[in-house]
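Source file upload08.csv; content: CSV, C-alpha atoms and all ligand atoms.
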chain,number,residue,atom,x,y,z
A,1,MET,CA,-15.0,3.7,-5.8
A,2,VAL,CA,-13.3,0.6,-4.6
A,3,ASP,CA,-13.6,-2.4,-6.8
A,4,LEU,CA,-13.4,-5.4,-4.4
A,5,GLY,CA,-13.8,-7.9,-7.3
A,6,ALA,CA,-10.6,-6.4,-8.8
A,7,LEU,CA,-8.9,-6.8,-5.4
A,8,ARG,CA,-9.9,-10.4,-5.3
A,9,ARG,CA,-8.6,-11.0,-8.8
A,10,ASN,CA,-5.3,-9.4,-7.9
A,11,PHE,CA,-5.1,-11.6,-4.9
A,12,ALA,CA,-5.6,-14.6,-7.1
A,13,GLY,CA,-2.8,-13.3,-9.3
A,14,VAL,CA,-0.5,-13.3,-6.2
A,15,ARG,CA,-1.6,-16.9,-5.5
A,16,ARG,CA,-0.8,-17.9,-9.1
A,17,LEU,CA,2.7,-16.4,-8.8
A,18,VAL,CA,3.7,-17.8,-5.4
A,19,GLY,CA,1.9,-21.2,-5.8
A,20,GLY,CA,-0.2,-23.1,-3.3
A,21,GLY,CA,2.4,-23.7,-0.5
A,22,VAL,CA,3.2,-20.1,0.3
A,23,ARG,CA,1.2,-18.1,2.9
A,24,ILE,CA,0.0,-14.7,1.7
A,25,TRP,CA,-0.2,-12.0,4.4
A,26,PRO,CA,-1.5,-8.8,2.6
A,27,ALA,CA,-0.2,-5.5,3.8
A,28,VAL,CA,-3.3,-3.6,5.0
A,29,LYS,CA,-1.5,-0.8,6.8
A,30,ALA,CA,-2.6,2.8,6.4
A,31,ASN,CA,-6.2,1.8,6.0
A,32,ALA,CA,-5.3,-0.7,3.3
A,33,TYR,CA,-3.4,2.0,1.4
A,34,GLY,CA,-6.4,4.2,1.7
A,35,HIS,CA,-8.9,1.7,0.4
A,36,GLY,CA,-10.6,0.7,3.7
A,37,ALA,CA,-8.9,-2.0,5.8
A,38,VAL,CA,-12.1,-3.5,7.2
A,39,GLU,CA,-13.6,-4.1,3.8
A,40,VAL,CA,-10.4,-5.3,2.3
A,41,VAL,CA,-9.9,-7.8,5.0
A,42,ARG,CA,-13.5,-8.9,4.8
A,43,VAL,CA,-13.2,-9.8,1.1
A,44,LEU,CA,-10.0,-11.8,1.5
A,45,PRO,CA,-11.0,-14.9,3.4
A,46,GLU,CA,-8.2,-16.7,1.5
A,47,ALA,CA,-5.5,-14.5,3.0
A,48,ASP,CA,-3.4,-16.4,5.6
A,49,GLY,CA,-2.6,-13.4,7.8
A,50,PHE,CA,-2.3,-9.6,7.6
A,51,CYS,CA,0.4,-6.9,8.0
A,52,VAL,CA,-0.1,-3.6,9.7
A,53,ALA,CA,2.0,-0.7,10.9
A,54,THR,CA,0.3,0.3,14.1
A,55,VAL,CA,-1.5,-1.3,17.0
A,56,ALA,CA,-4.7,0.7,16.2
A,57,GLU,CA,-4.6,-0.8,12.7
A,58,ALA,CA,-4.3,-4.2,14.2
A,59,GLU,CA,-7.2,-3.7,16.5
A,60,GLU,CA,-9.4,-2.4,13.7
A,61,ILE,CA,-9.1,-5.7,11.8
A,62,ALA,CA,-8.6,-8.1,14.7
A,63,LYS,CA,-12.1,-9.5,14.7
A,64,LEU,CA,-12.3,-10.0,11.0
A,65,ALA,CA,-8.9,-11.7,10.9
A,66,ASP,CA,-10.6,-14.4,12.9
A,67,GLY,CA,-7.6,-16.1,14.4
A,68,ARG,CA,-5.3,-15.5,11.4
A,69,PRO,CA,-2.0,-13.7,12.4
A,70,VAL,CA,-2.0,-10.0,12.4
A,71,LEU,CA,1.7,-8.8,12.2
A,72,HIS,CA,2.9,-5.5,13.4
A,73,LEU,CA,5.6,-4.9,10.8
A,74,GLY,CA,8.0,-2.4,12.2
A,75,ALA,CA,9.7,-1.2,15.4
A,76,PHE,CA,7.2,-0.4,18.2
A,77,HIS,CA,7.2,2.2,20.9
A,78,PRO,CA,7.4,1.0,24.5
A,79,GLU,CA,3.8,2.0,25.2
A,80,ASP,CA,2.6,-0.2,22.3
A,81,ALA,CA,3.9,-3.4,23.8
A,82,ALA,CA,0.8,-3.9,26.0
A,83,GLY,CA,-1.6,-3.5,23.1
A,84,ILE,CA,0.3,-5.9,20.9
A,85,ILE,CA,0.2,-8.6,23.6
A,86,ALA,CA,-3.4,-7.9,24.8
A,87,GLY,CA,-4.6,-8.1,21.2
A,88,GLY,CA,-2.8,-11.4,20.5
A,89,PHE,CA,-0.9,-9.8,17.6
A,90,GLU,CA,2.4,-10.8,16.3
A,91,THR,CA,5.2,-8.3,15.9
A,92,ALA,CA,8.5,-7.7,14.3
A,93,VAL,CA,11.3,-7.3,16.9
A,94,VAL,CA,14.2,-5.1,15.9
A,95,ASP,CA,16.7,-5.6,18.7
A,96,VAL,CA,17.2,-7.3,22.1
A,97,ALA,CA,16.1,-4.3,24.1
A,98,SER,CA,12.6,-4.2,22.5
A,99,ALA,CA,12.4,-8.0,22.9
A,100,SER,CA,13.1,-7.7,26.6
A,101,LEU,CA,10.5,-4.9,27.0
A,102,LEU,CA,8.0,-7.1,25.2
A,103,ASP,CA,8.9,-10.1,27.4
A,104,GLY,CA,8.5,-8.0,30.6
A,105,GLU,CA,5.1,-6.8,29.4
A,106,ALA,CA,4.0,-10.3,28.4
A,107,GLY,CA,5.0,-11.5,31.9
A,108,ARG,CA,2.9,-8.9,33.5
A,109,LEU,CA,-0.1,-9.8,31.4
A,110,GLY,CA,0.5,-13.5,31.8
A,111,ARG,CA,0.7,-14.0,28.0
A,112,ARG,CA,3.2,-15.0,25.4
A,113,VAL,CA,3.8,-13.1,22.2
A,114,ARG,CA,4.9,-14.4,18.8
A,115,GLU,CA,7.8,-12.4,17.4
A,116,HIS,CA,9.5,-12.2,14.1
A,117,LEU,CA,13.2,-11.4,14.1
A,118,LYS,CA,13.7,-8.4,11.8
A,119,VAL,CA,17.1,-8.5,10.2
A,120,ASP,CA,18.4,-5.6,8.2
A,121,THR,CA,19.9,-7.0,5.1
A,122,GLY,CA,20.0,-3.7,3.2
A,123,MET,CA,16.9,-1.7,3.7
A,124,GLY,CA,18.8,0.5,6.2
A,125,ARG,CA,15.7,1.3,8.2
A,126,VAL,CA,15.1,-1.0,11.3
A,127,GLY,CA,16.3,-4.4,12.3
A,128,MET,CA,19.4,-6.3,13.4
A,129,PRO,CA,22.5,-6.6,11.4
A,130,VAL,CA,22.9,-10.1,10.0
A,131,ALA,CA,26.1,-10.5,12.1
A,132,ASP,CA,24.1,-9.9,15.3
A,133,VAL,CA,20.9,-11.8,14.8
A,134,LEU,CA,22.1,-15.2,16.0
A,135,ALA,CA,23.3,-13.9,19.4
A,136,ALA,CA,20.2,-11.9,19.7
A,137,ALA,CA,18.0,-14.9,19.0
A,138,ARG,CA,19.8,-16.9,21.7
A,139,SER,CA,19.1,-14.2,24.3
A,140,MET,CA,15.5,-13.9,23.2
A,141,ALA,CA,15.0,-17.7,23.3
A,142,ALA,CA,15.6,-17.4,27.0
A,143,MET,CA,12.8,-15.0,27.5
A,144,PRO,CA,9.7,-16.9,28.7
A,145,GLY,CA,7.2,-14.4,27.3
A,146,LEU,CA,8.4,-14.7,23.8
A,147,GLU,CA,7.8,-17.3,21.1
A,148,ILE,CA,10.2,-16.7,18.2
A,149,ALA,CA,8.0,-17.4,15.2
A,150,GLY,CA,9.8,-16.1,12.2
A,151,LEU,CA,12.7,-14.3,10.5
A,152,MET,CA,11.9,-11.4,8.2
A,153,THR,CA,13.6,-8.7,6.1
A,154,HIS,CA,12.6,-6.1,3.6
A,155,PHE,CA,13.8,-5.2,0.1
A,156,PRO,CA,14.6,-1.6,-0.9
A,157,THR,CA,15.0,-2.4,-4.6
A,158,SER,CA,12.9,-5.5,-5.5
A,159,ASP,CA,11.0,-3.3,-8.0
A,160,ASP,CA,14.2,-2.1,-9.8
A,161,ALA,CA,15.3,-3.2,-13.2
A,162,ASP,CA,18.5,-4.4,-11.7
A,163,LEU,CA,17.8,-7.0,-9.1
A,164,THR,CA,21.4,-7.8,-8.1
A,165,PHE,CA,21.2,-6.2,-4.7
A,166,ALA,CA,17.8,-7.8,-3.8
A,167,ARG,CA,19.1,-11.2,-5.0
A,168,ALA,CA,22.1,-10.9,-2.7
A,169,GLN,CA,19.8,-10.0,0.2
A,170,ALA,CA,17.6,-13.0,-0.5
A,171,ALA,CA,20.6,-15.3,-0.8
A,172,VAL,CA,21.7,-15.1,2.8
A,173,LEU,CA,18.2,-15.8,4.2
A,174,PRO,CA,17.7,-19.5,4.0
A,175,GLY,CA,21.0,-20.3,5.6
A,176,LEU,CA,20.4,-17.8,8.3
A,177,ARG,CA,16.9,-19.2,9.0
A,178,ASP,CA,18.4,-22.7,9.4
A,179,GLN,CA,21.0,-21.5,11.8
A,180,LEU,CA,18.4,-19.6,13.8
A,181,SER,CA,15.9,-22.4,13.8
A,182,GLU,CA,18.5,-24.7,15.2
A,183,ALA,CA,19.6,-22.1,17.8
A,184,VAL,CA,16.1,-21.6,19.1
A,185,GLY,CA,15.0,-25.2,18.7
A,186,ARG,CA,12.0,-24.6,16.5
A,187,PRO,CA,11.4,-24.1,12.8
A,188,LEU,CA,11.1,-20.4,11.9
A,189,LEU,CA,8.9,-18.9,9.2
A,190,LEU,CA,10.9,-16.9,6.7
A,191,HIS,CA,9.4,-14.0,4.9
A,192,ALA,CA,10.7,-11.1,2.9
A,193,ALA,CA,8.8,-10.5,-0.3
A,194,ASN,CA,6.9,-7.3,-1.0
A,195,SER,CA,5.1,-6.7,-4.3
A,196,GLY,CA,8.3,-6.1,-6.2
A,197,ALA,CA,9.7,-9.5,-5.0
A,198,VAL,CA,6.4,-11.4,-5.6
A,199,LEU,CA,6.5,-10.1,-9.2
A,200,GLY,CA,10.2,-10.4,-9.9
A,201,LEU,CA,12.0,-12.5,-7.4
A,202,PRO,CA,10.3,-15.9,-7.1
A,203,GLU,CA,13.3,-17.3,-5.2
A,204,ALA,CA,12.6,-14.7,-2.4
A,205,CYS,CA,9.0,-15.8,-1.8
A,206,PHE,CA,10.0,-18.4,0.9
A,207,ASP,CA,7.2,-19.5,3.3
A,208,THR,CA,5.2,-16.3,3.4
A,209,VAL,CA,4.8,-13.1,1.3
A,210,ARG,CA,3.7,-9.7,2.3
A,211,PRO,CA,2.3,-8.0,-0.9
A,212,GLY,CA,0.6,-4.6,-0.7
A,213,ILE,CA,0.4,-2.3,-3.7
A,214,MET,CA,0.0,-5.1,-6.2
A,215,LEU,CA,-3.2,-6.2,-4.5
A,216,TYR,CA,-4.5,-2.7,-4.9
A,217,GLY,CA,-3.9,-3.0,-8.6
A,218,ALA,CA,-0.7,-1.0,-9.2
A,219,PHE,CA,2.9,-2.0,-10.0
A,220,PRO,CA,5.3,-0.8,-7.4
A,221,SER,CA,7.5,1.0,-10.0
A,222,PRO,CA,7.8,1.4,-13.7
A,223,ASP,CA,10.7,-1.2,-13.7
A,224,ALA,CA,8.9,-3.9,-11.6
A,225,ALA,CA,8.5,-7.2,-13.4
A,226,ARG,CA,5.1,-7.3,-15.3
A,227,THR,CA,4.5,-10.9,-14.4
A,228,ALA,CA,0.9,-10.4,-13.3
A,229,SER,CA,-1.9,-8.4,-14.9
A,230,LEU,CA,-3.1,-6.0,-12.1
A,231,GLU,CA,-6.5,-4.4,-12.2
A,232,PRO,CA,-7.0,-1.0,-10.7
A,233,VAL,CA,-9.0,-1.2,-7.4
A,234,MET,CA,-9.4,2.4,-6.6
A,235,THR,CA,-11.2,4.9,-8.8
A,236,LEU,CA,-11.0,8.5,-7.6
A,237,SER,CA,-13.9,10.4,-9.1
A,238,ALA,CA,-16.1,13.4,-8.5
A,239,ARG,CA,-18.9,15.1,-10.4
A,240,ILE,CA,-18.9,18.2,-12.5
A,241,VAL,CA,-20.9,20.8,-10.6
A,242,PHE,CA,-20.6,23.8,-12.9
A,243,ILE,CA,-19.7,24.5,-16.5
A,244,LYS,CA,-19.0,27.8,-18.3
A,245,THR,CA,-17.7,29.0,-21.6
A,246,VAL,CA,-15.0,31.6,-21.5
A,247,PRO,CA,-13.3,33.8,-24.2
A,248,PRO,CA,-9.6,33.7,-25.0
A,249,GLY,CA,-7.5,35.5,-22.4
A,250,THR,CA,-9.7,34.3,-19.4
A,251,THR,CA,-7.6,32.9,-16.6
A,252,VAL,CA,-8.6,30.1,-14.3
A,253,SER,CA,-8.0,29.6,-10.5
A,254,TYR,CA,-5.5,30.9,-8.0
A,255,GLY,CA,-2.3,32.6,-9.3
A,256,ARG,CA,-3.9,32.8,-12.8
A,257,THR,CA,-1.6,30.1,-14.1
A,258,TRP,CA,-3.9,28.9,-16.9
A,259,THR,CA,-5.1,31.2,-19.7
A,260,ALA,CA,-7.7,30.3,-22.3
A,261,ARG,CA,-6.2,30.3,-25.8
A,262,ARG,CA,-9.5,29.9,-27.5
A,263,ASP,CA,-13.2,29.9,-26.6
A,264,SER,CA,-13.1,27.3,-23.9
A,265,ARG,CA,-15.5,25.3,-21.8
A,266,ILE,CA,-14.3,25.0,-18.3
A,267,ALA,CA,-15.9,22.4,-15.9
A,268,THR,CA,-15.6,22.7,-12.2
A,269,VAL,CA,-15.4,19.4,-10.4
A,270,SER,CA,-16.1,19.1,-6.6
A,271,ILE,CA,-12.8,17.6,-5.6
A,272,GLY,CA,-9.5,19.2,-4.5
A,273,TYR,CA,-6.4,18.7,-2.4
A,274,GLY,CA,-8.7,18.5,0.6
A,275,ASP,CA,-9.8,15.2,-0.8
A,276,GLY,CA,-6.3,14.0,-1.6
A,277,LEU,CA,-6.2,15.1,-5.3
A,278,PRO,CA,-2.5,16.3,-5.3
A,279,ARG,CA,-2.1,19.9,-6.1
A,280,ALA,CA,1.0,19.0,-8.1
A,281,LEU,CA,-1.4,17.8,-10.8
A,282,SER,CA,-2.4,21.5,-11.4
A,283,ASN,CA,-1.9,22.1,-15.2
A,284,ARG,CA,-0.2,18.7,-15.4
A,285,GLY,CA,-2.7,15.9,-15.3
A,286,PHE,CA,-6.0,15.2,-16.8
A,287,ALA,CA,-9.3,13.5,-15.8
A,288,LEU,CA,-11.5,11.2,-17.8
A,289,VAL,CA,-14.9,12.7,-18.7
A,290,ARG,CA,-17.1,10.5,-20.9
A,291,GLY,CA,-14.1,8.3,-21.4
A,292,ALA,CA,-12.0,11.2,-22.9
A,293,PRO,CA,-9.1,13.0,-21.4
A,294,ALA,CA,-9.9,16.5,-20.0
A,295,PRO,CA,-6.8,18.5,-19.0
A,296,ILE,CA,-6.7,20.0,-15.5
A,297,ALA,CA,-6.8,23.7,-16.0
A,298,GLY,CA,-5.2,26.0,-13.4
A,299,ARG,CA,-4.3,25.3,-9.8
A,300,ILE,CA,-6.2,22.6,-7.9
A,301,CYS,CA,-8.0,24.2,-5.0
A,302,MET,CA,-8.9,22.7,-1.6
A,303,ASP,CA,-12.4,21.7,-2.7
A,304,ALA,CA,-12.5,22.2,-6.5
A,305,ALA,CA,-10.6,21.4,-9.6
A,306,MET,CA,-11.2,22.8,-13.1
A,307,LEU,CA,-11.1,20.8,-16.3
A,308,ASP,CA,-10.9,22.1,-19.9
A,309,VAL,CA,-13.7,20.1,-21.5
A,310,THR,CA,-13.7,22.1,-24.8
A,311,ASP,CA,-12.9,19.0,-26.8
A,312,ILE,CA,-15.6,16.9,-25.0
A,313,PRO,CA,-18.7,18.8,-26.2
A,314,ASP,CA,-21.2,16.5,-24.5
A,315,ALA,CA,-19.7,17.1,-21.1
A,316,ALA,CA,-22.4,18.2,-18.7
A,317,CYS,CA,-23.0,19.0,-15.1
A,318,GLY,CA,-23.4,15.8,-13.1
A,319,ASP,CA,-20.9,13.9,-15.3
A,320,ASP,CA,-18.3,12.0,-13.4
A,321,ALA,CA,-14.7,13.0,-13.8
A,322,VAL,CA,-12.2,10.2,-13.0
A,323,PHE,CA,-8.7,11.3,-11.8
A,324,TRP,CA,-7.4,7.8,-11.6
A,325,GLY,CA,-9.0,4.4,-12.1
A,326,ARG,CA,-11.7,3.2,-14.5
A,327,GLN,CA,-14.5,4.9,-16.4
A,328,GLY,CA,-16.4,2.3,-18.4
A,329,ASP,CA,-13.8,0.8,-20.7
A,330,ALA,CA,-11.4,3.7,-20.3
A,331,VAL,CA,-8.6,3.3,-17.7
A,332,LEU,CA,-6.4,6.0,-16.3
A,333,ARG,CA,-3.6,4.0,-14.6
A,334,ILE,CA,-2.6,5.4,-11.2
A,335,GLU,CA,1.0,4.6,-12.1
A,336,ASP,CA,0.9,7.2,-14.9
A,337,VAL,CA,-0.7,9.8,-12.7
A,338,ALA,CA,1.9,9.2,-10.1
A,339,ALA,CA,4.7,9.4,-12.7
A,340,ALA,CA,3.5,12.7,-14.0
A,341,ILE,CA,4.1,14.3,-10.6
A,342,ASP,CA,7.1,12.4,-9.6
A,343,THR,CA,5.5,10.3,-6.9
A,344,ILE,CA,4.3,6.7,-6.5
A,345,PRO,CA,0.9,5.1,-6.5
A,346,TYR,CA,1.2,4.3,-2.8
A,347,GLU,CA,1.2,8.0,-1.9
A,348,LEU,CA,-1.8,8.8,-4.1
A,349,THR,CA,-4.1,6.1,-2.7
A,350,CYS,CA,-2.9,6.7,0.9
A,351,GLY,CA,-3.5,10.4,0.4
A,352,VAL,CA,-7.2,10.2,-0.3
A,353,THR,CA,-8.7,11.8,2.8
A,354,ALA,CA,-11.5,10.8,5.1
A,355,ARG,CA,-13.9,13.3,3.4
A,356,VAL,CA,-14.1,11.0,0.3
A,357,PRO,CA,-16.7,8.4,0.7
A,358,ARG,CA,-15.4,4.9,-0.1
A,359,VAL,CA,-18.0,3.3,-2.3
A,360,PHE,CA,-17.4,-0.5,-2.4
A,361,VAL,CA,-18.6,-2.5,-5.4
H,401,LIG,C1,4.5,-2.0,3.3
H,401,LIG,C2,5.4,-3.2,3.4
H,401,LIG,C3,5.2,-4.3,2.6
H,401,LIG,C4,4.3,-4.3,1.3
H,401,LIG,O1,5.0,-3.5,0.3
H,401,LIG,P1,4.4,-3.4,-1.2
H,401,LIG,O2,5.5,-2.7,-1.9
H,401,LIG,O3,3.2,-2.5,-1.0
H,401,LIG,O4,4.1,-4.7,-1.7
H,401,LIG,C5,5.9,-5.4,2.9
H,401,LIG,N1,6.8,-5.5,3.9
H,401,LIG,C6,7.0,-4.4,4.7
H,401,LIG,C7,7.9,-4.5,5.9
H,401,LIG,C8,6.3,-3.3,4.5
H,401,LIG,O5,6.5,-2.2,5.3
Now, as a test, write the supplied structure out as structure tokens.
Ligand SMILES: *Cc1c(COP(=O)(O)O)cnc(C)c1O
Amino acid sequence: MVDLGALRRNFAGVRRLVGGGVRIWPAVKANAYGHGAVEVVRVLPEADGFCVATVAEAEEIAKLADGRPVLHLGAFHPEDAAGIIAGGFETAVVDVASASLLDGEAGRLGRRVREHLKVDTGMGRVGMPVADVLAAARSMAAMPGLEIAGLMTHFPTSDDADLTFARAQAAVLPGLRDQLSEAVGRPLLLHAANSGAVLGLPEACFDTVRPGIMLYGAFPSPDAARTASLEPVMTLSARIVFIKTVPPGTTVSYGRTWTARRDSRIATVSIGYGDGLPRALSNRGFALVRGAPAPIAGRICMDAAMLDVTDIPDAACGDDAVFWGRQGDAVLRIEDVAAAIDTIPYELTCGVTARVPRVFV
């Protein structure tokens, strides 16, 4: 279940944090972190633009974006240039070579493309070193197919307890933007903030912010600043399809890693790793049944997971089991589920497979 009301309230929380003058471009890559990009874009008419990771993702939401910028965030492959230009999308540009390729393609198509200079201030992934970006911007300014629209960077540690590194990254940006704006003869947008920075680094919110995970109701890390109250958007649930009572000594599922210590009621739920329920939760996590925690018993299978519902005597076939999200007043925070298996909420929501129907409320 995807709670679009919660999504909208989380968006309002971002707006409260950044104030009225800052543009909000939600990250809707990876099908809006598994939630459904089309529906997410549809319910955010107040968003000022959107961020994606591939041309196909940009094309999927292009109509709904309705003239608002759709920004391709990363480096692109040569064969992607035509699609970026034809779709009227904006794109990060990570070096002069890719700018030149884009310019050539724009010329062929008789179009101009808005580009955002991506500077690597410490992420160590893609982008130009700070020392190179001015010269790069000067050569790009001479390319007729390009319109330099912005300067962007990314924070690797904006959700850490120690924000020293992120603050140092942010500190170089305004001066760099001024220099670049002057060099290319137009004011450039400046954007850097992901959720961690929106929550904890107000000085890094600049003109535009690119929040993702916080809109979907999760904090990016246990150390991220708790400056907003985020409501879970995704609830992953499935129904109990079978219940049996077993005597002590009975084992459950592949590898026989769980053994009944007492007379136990074992519920089988029709969900497994084929749906994106991580197998790592085997014998680790629990699900909510009738608002109470039911331990996951034995290994999670492709299409089934077993729960020990011995202590939930009312549990019955047809009951919903919630693996993360909300069940009535009970909430199982996805951050806690992720922490139990050493991953992050992002991986859990993105991992929910196409087999799981997205029910929007
Ligand atoms: C995914 C992404 C974001 C959003 O990050 P969150 O941590 O989900 O807020 C912002 N900027 C870039 C470049 C990204 O790749």
message: How would you report the residues lying within 6 Å of ligand LIG 401 (chain H), as a ChimeraX atom specification, if you count all atoms listed in the file?
response: /A:27,73,154,194-195,210-213,220
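Among the candidate residues A:Thr91, A:Ser181, A:Thr268, A:Thr251, the one lying nearest to Arg138 (chain A) is A:Ser181, with distances computed using all atoms listed in the file.
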- line: Nearest to Ala338 (chain A), restricted to all atoms listed in the file and choosing among A:Gly255, A:Pro248, A:Gly285, A:Pro357, comes out as A:Gly285
task: Record the distance separating CA of Val126 (chain A) and CA of Arg15 (chain A), expressed in Å with one decimal.
output: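 Computing the Euclidean distance for CA of Val126 (chain A) and CA of Arg15 (chain A) yields 28.5 Å.
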- request: For region 105-108 of chain A, work out the shell of residues within 7 Å, counting all atoms listed in the file and skipping chain neighbours fewer than 6 positions away, then give it as a PyMOL selection string.
  value: chain A and resi 81-82+85+145
- request: Using all atoms listed in the file, determine which residues lie at most 10 Å from region 315-321 of chain A, disregarding the query and same-chain residues fewer than 6 positions distant; provide the list as a ChimeraX atom specification.
  value: /A:236-243,265-271,286-294,307,309,327
message: List as a list in words the protein and nucleic acid residues near Tyr273 (chain A), meaning an atom at most 12 Å away when all atoms listed in the file are counted, but skip any in the same chain fewer than 4 places from it.
response: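 Here the answer would be Leu277, Pro278, Arg279, Ala280, Leu281, Ser282, Arg299, Ile300, Cys301, Met302, Asp303, Ala304, Ala305, Leu348, Gly351, Val352, Thr353, Arg355 and Val356 of chain A.
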Taking C-alpha atoms for each residue, export the selection above as a compact mmCIF listing (two decimals), in the frame of the given file.
# COMPACT_ATOMS: atom_id res chain seq x y z
CA LEU A 277 -6.20 15.10 -5.30
CA PRO A 278 -2.50 16.30 -5.30
CA ARG A 279 -2.10 19.90 -6.10
CA ALA A 280 1.00 19.00 -8.10
CA LEU A 281 -1.40 17.80 -10.80
CA SER A 282 -2.40 21.50 -11.40
CA ARG A 299 -4.30 25.30 -9.80
CA ILE A 300 -6.20 22.60 -7.90
CA CYS A 301 -8.00 24.20 -5.00
CA MET A 302 -8.90 22.70 -1.60
CA ASP A 303 -12.40 21.70 -2.70
CA ALA A 304 -12.50 22.20 -6.50
CA ALA A 305 -10.60 21.40 -9.60
CA LEU A 348 -1.80 8.80 -4.10
CA GLY A 351 -3.50 10.40 0.40
CA VAL A 352 -7.20 10.20 -0.30
CA THR A 353 -8.70 11.80 2.80
CA ARG A 355 -13.90 13.30 3.40
CA VAL A 356 -14.10 11.00 0.30
task: Dig up all the protein and nucleic acid residues within 12 Å of (-5.0, -4.3, 2.6) in the file frame, using all atoms listed in the file, and format them as a PyMOL selection string.
output: chain A and resi 4+7-8+10-11+24-44+47+49-53+57-58+61+65+70+210-217+233+346+349-350
File of the preceding selection, C-alpha atoms, as a PDB file, keeping the file's coordinate frame:
ATOM      1  CA  LEU A   4     -13.400  -5.400  -4.400  1.00  0.00           C
ATOM      2  CA  LEU A   7      -8.900  -6.800  -5.400  1.00  0.00           C
ATOM      3  CA  ARG A   8      -9.900 -10.400  -5.300  1.00  0.00           C
ATOM      4  CA  ASN A  10      -5.300  -9.400  -7.900  1.00  0.00           C
ATOM      5  CA  PHE A  11      -5.100 -11.600  -4.900  1.00  0.00           C
ATOM      6  CA  ILE A  24       0.000 -14.700   1.700  1.00  0.00           C
ATOM      7  CA  TRP A  25      -0.200 -12.000   4.400  1.00  0.00           C
ATOM      8  CA  PRO A  26      -1.500  -8.800   2.600  1.00  0.00           C
ATOM      9  CA  ALA A  27      -0.200  -5.500   3.800  1.00  0.00           C
ATOM     10  CA  VAL A  28      -3.300  -3.600   5.000  1.00  0.00           C
ATOM     11  CA  LYS A  29      -1.500  -0.800   6.800  1.00  0.00           C
ATOM     12  CA  ALA A  30      -2.600   2.800   6.400  1.00  0.00           C
ATOM     13  CA  ASN A  31      -6.200   1.800   6.000  1.00  0.00           C
ATOM     14  CA  ALA A  32      -5.300  -0.700   3.300  1.00  0.00           C
ATOM     15  CA  TYR A  33      -3.400   2.000   1.400  1.00  0.00           C
ATOM     16  CA  GLY A  34      -6.400   4.200   1.700  1.00  0.00           C
ATOM     17  CA  HIS A  35      -8.900   1.700   0.400  1.00  0.00           C
ATOM     18  CA  GLY A  36     -10.600   0.700   3.700  1.00  0.00           C
ATOM     19  CA  ALA A  37      -8.900  -2.000   5.800  1.00  0.00           C
ATOM     20  CA  VAL A  38     -12.100  -3.500   7.200  1.00  0.00           C
ATOM     21  CA  GLU A  39     -13.600  -4.100   3.800  1.00  0.00           C
ATOM     22  CA  VAL A  40     -10.400  -5.300   2.300  1.00  0.00           C
ATOM     23  CA  VAL A  41      -9.900  -7.800   5.000  1.00  0.00           C
ATOM     24  CA  ARG A  42     -13.500  -8.900   4.800  1.00  0.00           C
ATOM     25  CA  VAL A  43     -13.200  -9.800   1.100  1.00  0.00           C
ATOM     26  CA  LEU A  44     -10.000 -11.800   1.500  1.00  0.00           C
ATOM     27  CA  ALA A  47      -5.500 -14.500   3.000  1.00  0.00           C
ATOM     28  CA  GLY A  49      -2.600 -13.400   7.800  1.00  0.00           C
ATOM     29  CA  PHE A  50      -2.300  -9.600   7.600  1.00  0.00           C
ATOM     30  CA  CYS A  51       0.400  -6.900   8.000  1.00  0.00           C
ATOM     31  CA  VAL A  52      -0.100  -3.600   9.700  1.00  0.00           C
ATOM     32  CA  ALA A  53       2.000  -0.700  10.900  1.00  0.00           C
ATOM     33  CA  GLU A  57      -4.600  -0.800  12.700  1.00  0.00           C
ATOM     34  CA  ALA A  58      -4.300  -4.200  14.200  1.00  0.00           C
ATOM     35  CA  ILE A  61      -9.100  -5.700  11.800  1.00  0.00           C
ATOM     36  CA  ALA A  65      -8.900 -11.700  10.900  1.00  0.00           C
ATOM     37  CA  VAL A  70      -2.000 -10.000  12.400  1.00  0.00           C
ATOM     38  CA  ARG A 210       3.700  -9.700   2.300  1.00  0.00           C
ATOM     39  CA  PRO A 211       2.300  -8.000  -0.900  1.00  0.00           C
ATOM     40  CA  GLY A 212       0.600  -4.600  -0.700  1.00  0.00           C
ATOM     41  CA  ILE A 213       0.400  -2.300  -3.700  1.00  0.00           C
ATOM     42  CA  MET A 214       0.000  -5.100  -6.200  1.00  0.00           C
ATOM     43  CA  LEU A 215      -3.200  -6.200  -4.500  1.00  0.00           C
ATOM     44  CA  TYR A 216      -4.500  -2.700  -4.900  1.00  0.00           C
ATOM     45  CA  GLY A 217      -3.900  -3.000  -8.600  1.00  0.00           C
ATOM     46  CA  VAL A 233      -9.000  -1.200  -7.400  1.00  0.00           C
ATOM     47  CA  TYR A 346       1.200   4.300  -2.800  1.00  0.00           C
ATOM     48  CA  THR A 349      -4.100   6.100  -2.700  1.00  0.00           C
ATOM     49  CA  CYS A 350      -2.900   6.700   0.900  1.00  0.00           C
TER      50      CYS A 350
END
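Among the candidate residues A:Pro78, A:Gly20, A:Gly83, A:Gly122, the one lying nearest to Phe165 (chain A) is A:Gly122, with distances computed using all atoms listed in the file.
Here CA of Asp80 (chain A) stands at a distance of 21.5 Å from CA of Ala141 (chain A).
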message: Could you tell me how far CA of Glu46 (chain A) sits from CA of Ala228 (chain A), in Å to one decimal place?
response: 18.5 Å
message: Given only C-alpha atoms as the basis, pick out the residue of A:Met143, A:Leu151, A:Val337, A:Ala171 nearest to Ala97 (chain A).
response: A:Met143
